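Engineer: Sharing a structure with you now.
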Amino acid sequence: MADCPHDDSRQGNTVKIGGNQPKARVFRKLNAETQREAYQSVLQHVRTCLNRGPYNVLELRANLTPEQAGALPDALVTLAKAGEIAALGHSVYARVPWMPATRTVVTSPIHDLVFASLTEHETAGEIAPWLGLKIAIVREALEALEQAGLIEERLDPRRPNRYRIVSPHMAKHIRQGAQDRTFTDIARHG
């Protein structure tokens with residue numbers, strides 16, 4: 001199982017989580033045994049990391065093998081649908097305290113992964129193989145993010161279909177990860 005990134009950064013050491021991450025192997029193209037092993041190890045990895053505190057999707061992706069990186073989107077979707085994790089915004093996820101649900105948690109790990117990927121890549125053609133997703137899924141996520149006003153197409157007619165995060169401040173936070181942010185456990189303050 002991959003180590004949770006930034007365990008030492010919570011004591012003040014900053015670690016870059018960007019460009020050194022592996023290109024994902026396409027999950028659906030792996031043999032059944034490799035899929036099962038990668039998927040199970042990623043589920044355990046995400047649960048272990050989020051038990052320690054919030055992480056953004058690039059932090060969760062750091063230190064994974066290419067096979068595990070390919071399993072990450074499916075694992076995040078499974079955990080979100082099961083209500084085990086929730087998005088806090090800006091591609092940051094946290095473990096949901098075990099209690100009866102008061103409302104349905106609506107989140108899109110695929111959109112969050114594509115959004116965070118824009119800190120390192122610009123096109124659907126670059127993002128899809130890096131995440132191990134179909135290009136149509138990435139294009140759909142880019143369209144939804146653009147409609148939400150979070151990203152925009154770069155205005156360079158010589159280089160079409162290139163996107164960027166609208167807020168440079170938000171992009172900086174995504175690159176830095178969740179380690180410098182303060183989160184409060186509101187369940188304990190009820």
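Chain labels A, B, ... are given in the sequence in which chains occur in the structure tokens; within each chain residues are numbered consecutively from 1, and ligands are likewise numbered from 1 in the order shown.
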Find the residues near Thr34 in chain A: any atom within 10 Å, counting only C-alpha atoms, skip ones fewer than 6 places away on the same chain, and give them as a ChimeraX atom specification.
Structural biologist: /A:27,40,67-68
Engineer: If you count only C-alpha atoms, which residues fall within 12 Å of Gln44 in chain A, apart from same-chain ones fewer than 3 positions away, as a PyMOL selection string?
Structural biologist: chain A and resi 1-4+37-41+47-51+60+68+71-72+75-76+79
Engineer: Let me see the file: selected residues, all heavy atoms, as a short mmCIF file (atom, residue, chain, number, x, y, z; two decimals), in the first residue's frame.
Structural biologist:
```
data_model
loop_
_atom_site.label_atom_id
_atom_site.label_comp_id
_atom_site.auth_asym_id
_atom_site.auth_seq_id
_atom_site.Cartn_x
_atom_site.Cartn_y
_atom_site.Cartn_z
N MET A 1 0.84 -1.18 0.00
CA MET A 1 0.00 0.00 0.00
C MET A 1 0.89 1.24 0.00
O MET A 1 1.90 1.28 0.66
CB MET A 1 -0.90 0.00 1.23
CG MET A 1 -1.84 1.19 1.27
SD MET A 1 -3.05 1.15 2.61
CE MET A 1 -2.04 1.26 4.03
N ALA A 2 0.47 2.27 -0.74
CA ALA A 2 1.23 3.51 -0.82
C ALA A 2 1.12 4.27 0.50
O ALA A 2 0.11 4.20 1.20
CB ALA A 2 0.69 4.37 -1.96
N ASP A 3 2.19 4.98 0.83
CA ASP A 3 2.16 5.83 2.02
C ASP A 3 1.33 7.05 1.75
O ASP A 3 1.24 7.53 0.62
CB ASP A 3 3.58 6.28 2.38
CG ASP A 3 4.44 5.12 2.85
OD1 ASP A 3 3.88 4.17 3.42
OD2 ASP A 3 5.66 5.19 2.64
N CYS A 4 0.72 7.60 2.80
CA CYS A 4 0.01 8.85 2.65
C CYS A 4 1.04 9.95 2.47
O CYS A 4 2.00 10.03 3.23
CB CYS A 4 -0.85 9.14 3.88
SG CYS A 4 -2.15 7.92 4.12
N GLU A 37 -6.52 -6.25 -7.12
CA GLU A 37 -5.46 -5.87 -6.20
C GLU A 37 -5.28 -4.35 -6.14
O GLU A 37 -5.16 -3.78 -5.05
CB GLU A 37 -4.14 -6.54 -6.61
CG GLU A 37 -4.11 -8.02 -6.35
CD GLU A 37 -2.86 -8.69 -6.92
OE1 GLU A 37 -1.97 -7.99 -7.45
OE2 GLU A 37 -2.79 -9.94 -6.83
N ALA A 38 -5.26 -3.71 -7.31
CA ALA A 38 -5.07 -2.25 -7.35
C ALA A 38 -6.25 -1.54 -6.69
O ALA A 38 -6.07 -0.63 -5.88
CB ALA A 38 -4.90 -1.78 -8.79
N TYR A 39 -7.46 -1.97 -7.02
CA TYR A 39 -8.67 -1.35 -6.48
C TYR A 39 -8.73 -1.48 -4.95
O TYR A 39 -8.95 -0.50 -4.24
CB TYR A 39 -9.89 -2.01 -7.13
CG TYR A 39 -11.21 -1.42 -6.71
CD1 TYR A 39 -11.63 -0.19 -7.18
CD2 TYR A 39 -12.05 -2.12 -5.85
CE1 TYR A 39 -12.86 0.34 -6.81
CE2 TYR A 39 -13.27 -1.60 -5.47
CZ TYR A 39 -13.68 -0.38 -5.95
OH TYR A 39 -14.89 0.14 -5.57
N GLN A 40 -8.49 -2.69 -4.45
CA GLN A 40 -8.53 -2.92 -2.99
C GLN A 40 -7.44 -2.11 -2.27
O GLN A 40 -7.68 -1.55 -1.21
CB GLN A 40 -8.38 -4.41 -2.67
CG GLN A 40 -9.58 -5.24 -3.07
CD GLN A 40 -10.86 -4.81 -2.36
OE1 GLN A 40 -10.85 -4.45 -1.20
NE2 GLN A 40 -11.96 -4.84 -3.09
N SER A 41 -6.25 -2.06 -2.85
CA SER A 41 -5.17 -1.31 -2.20
C SER A 41 -5.46 0.18 -2.20
O SER A 41 -5.14 0.88 -1.24
CB SER A 41 -3.81 -1.62 -2.83
OG SER A 41 -3.73 -1.13 -4.15
N ARG A 47 -8.77 5.35 2.58
CA ARG A 47 -9.33 5.30 3.95
C ARG A 47 -8.26 5.63 4.98
O ARG A 47 -8.50 6.40 5.92
CB ARG A 47 -9.90 3.91 4.23
CG ARG A 47 -11.19 3.63 3.51
CD ARG A 47 -11.67 2.20 3.76
NE ARG A 47 -12.93 1.95 3.12
CZ ARG A 47 -13.19 0.87 2.40
NH1 ARG A 47 -12.27 -0.08 2.23
NH2 ARG A 47 -14.37 0.70 1.85
N THR A 48 -7.07 5.07 4.84
CA THR A 48 -5.98 5.32 5.79
C THR A 48 -5.59 6.80 5.79
O THR A 48 -5.45 7.41 6.85
CB THR A 48 -4.75 4.45 5.44
OG1 THR A 48 -5.14 3.08 5.54
CG2 THR A 48 -3.59 4.73 6.39
N CYS A 49 -5.41 7.37 4.61
CA CYS A 49 -5.02 8.78 4.52
C CYS A 49 -6.09 9.68 5.13
O CYS A 49 -5.78 10.57 5.93
CB CYS A 49 -4.77 9.18 3.07
SG CYS A 49 -3.29 8.47 2.35
N LEU A 50 -7.35 9.45 4.76
CA LEU A 50 -8.42 10.34 5.23
C LEU A 50 -8.71 10.15 6.71
O LEU A 50 -9.29 11.04 7.34
CB LEU A 50 -9.67 10.18 4.38
CG LEU A 50 -9.50 10.60 2.91
CD1 LEU A 50 -10.82 10.49 2.16
CD2 LEU A 50 -8.92 11.99 2.78
N ASN A 51 -8.31 9.03 7.29
CA ASN A 51 -8.41 8.89 8.75
C ASN A 51 -7.45 9.85 9.44
O ASN A 51 -7.66 10.21 10.59
CB ASN A 51 -8.12 7.46 9.18
CG ASN A 51 -9.34 6.58 9.05
OD1 ASN A 51 -10.47 7.04 9.05
ND2 ASN A 51 -9.11 5.28 8.93
N LEU A 60 -3.76 12.37 -2.64
CA LEU A 60 -4.17 10.97 -2.58
C LEU A 60 -3.54 10.17 -3.72
O LEU A 60 -3.25 8.98 -3.57
CB LEU A 60 -5.69 10.84 -2.62
CG LEU A 60 -6.43 11.37 -1.40
CD1 LEU A 60 -7.94 11.37 -1.64
CD2 LEU A 60 -6.08 10.56 -0.16
N GLN A 68 -2.45 1.52 -9.57
CA GLN A 68 -3.27 2.12 -8.51
C GLN A 68 -3.82 3.48 -8.95
O GLN A 68 -4.97 3.81 -8.65
CB GLN A 68 -2.46 2.27 -7.23
CG GLN A 68 -2.11 0.96 -6.57
CD GLN A 68 -1.12 1.14 -5.43
OE1 GLN A 68 -0.24 2.00 -5.48
NE2 GLN A 68 -1.24 0.30 -4.41
N ALA A 71 -6.84 2.99 -10.81
CA ALA A 71 -7.98 2.55 -9.99
C ALA A 71 -8.55 3.69 -9.14
O ALA A 71 -9.67 3.58 -8.64
CB ALA A 71 -7.56 1.40 -9.09
N LEU A 72 -7.79 4.76 -8.96
CA LEU A 72 -8.21 5.84 -8.05
C LEU A 72 -9.57 6.45 -8.40
O LEU A 72 -10.41 6.60 -7.50
CB LEU A 72 -7.14 6.93 -7.97
CG LEU A 72 -7.45 8.09 -7.02
CD1 LEU A 72 -7.57 7.62 -5.57
CD2 LEU A 72 -6.38 9.17 -7.14
N ALA A 75 -12.28 4.06 -7.27
CA ALA A 75 -12.29 3.92 -5.81
C ALA A 75 -12.92 5.15 -5.15
O ALA A 75 -13.72 5.02 -4.22
CB ALA A 75 -10.88 3.70 -5.28
N LEU A 76 -12.58 6.34 -5.63
CA LEU A 76 -13.16 7.56 -5.05
C LEU A 76 -14.67 7.62 -5.28
O LEU A 76 -15.41 8.01 -4.38
CB LEU A 76 -12.49 8.81 -5.64
CG LEU A 76 -11.05 9.08 -5.20
CD1 LEU A 76 -10.47 10.27 -5.96
CD2 LEU A 76 -10.96 9.30 -3.70
N LEU A 79 -16.31 5.15 -2.82
CA LEU A 79 -16.32 5.65 -1.44
C LEU A 79 -17.28 6.82 -1.27
O LEU A 79 -17.94 6.95 -0.23
CB LEU A 79 -14.89 6.04 -1.02
CG LEU A 79 -13.92 4.88 -0.87
CD1 LEU A 79 -12.49 5.39 -0.72
CD2 LEU A 79 -14.29 3.99 0.30
#
```
Engineer: Run DSSP on the backbone and give me the residues of range 6-187 of chain A it puts in strand (DSSP E), as a VMD selection string.
Structural biologist: chain A and resid 55 to 56 85 to 89 92 to 95 151 to 153 163 to 165
Engineer: If we count only C-alpha atoms and set the cut-off at 10 Å, which residues sit around range 126-141 of chain A, ignoring sequence neighbours fewer than 3 positions away in its own chain? Please answer as a ChimeraX atom specification.
Structural biologist: /A:21-29,61,66-67,69-73,108,110-115,117-118,120-123,144-147,161-162
Engineer: Between A:Val166, A:Ala148, A:His173, A:Glu153, which one has atoms that come closest to Ser91 in chain A, using only C-alpha atoms?
Structural biologist: A:His173
Engineer: I'd like a table as JSON lines: residues in range 24-62 of chain A with an atom no more than 10 Å from range 81-87 of chain A, each row giving the shortest atom pair and its distance in Å to one decimal, only C-alpha atoms counted, sorted by chain and rising residue number.
Structural biologist:
```
{"residue": "A:Val46", "atom": "CA", "partner": "A:Ile85", "partner_atom": "CA", "distance": 9.2}
{"residue": "A:Arg47", "atom": "CA", "partner": "A:Glu84", "partner_atom": "CA", "distance": 8.5}
{"residue": "A:Leu50", "atom": "CA", "partner": "A:Ile85", "partner_atom": "CA", "distance": 8.2}
{"residue": "A:Pro54", "atom": "CA", "partner": "A:Ala87", "partner_atom": "CA", "distance": 9.4}
{"residue": "A:Tyr55", "atom": "CA", "partner": "A:Ala87", "partner_atom": "CA", "distance": 9.8}
{"residue": "A:Asn56", "atom": "CA", "partner": "A:Ala87", "partner_atom": "CA", "distance": 9.0}
{"residue": "A:Val57", "atom": "CA", "partner": "A:Ala87", "partner_atom": "CA", "distance": 9.8}
```
Engineer: Measure the distance from CA of Lys172 in chain A to CA of Asp156 in chain A in Å and round it to one decimal.
Structural biologist: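 One can read the CA of Lys172 in chain A to CA of Asp156 in chain A distance as 22.7 Å.
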Engineer: At what distance in Å, to one decimal, does CA of Arg95 in chain A lie from CA of Thr107 in chain A?
Structural biologist: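 We find that CA of Thr107 in chain A and CA of Arg95 in chain A lie 13.1 Å from each other.
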Engineer: DSSP on the backbone: which residues in range 71-133 of chain A end up as helix (DSSP H, G or I)? Give the answer as a PyMOL selection string.
Structural biologist: chain A and resi 71-81+109-117+124-131
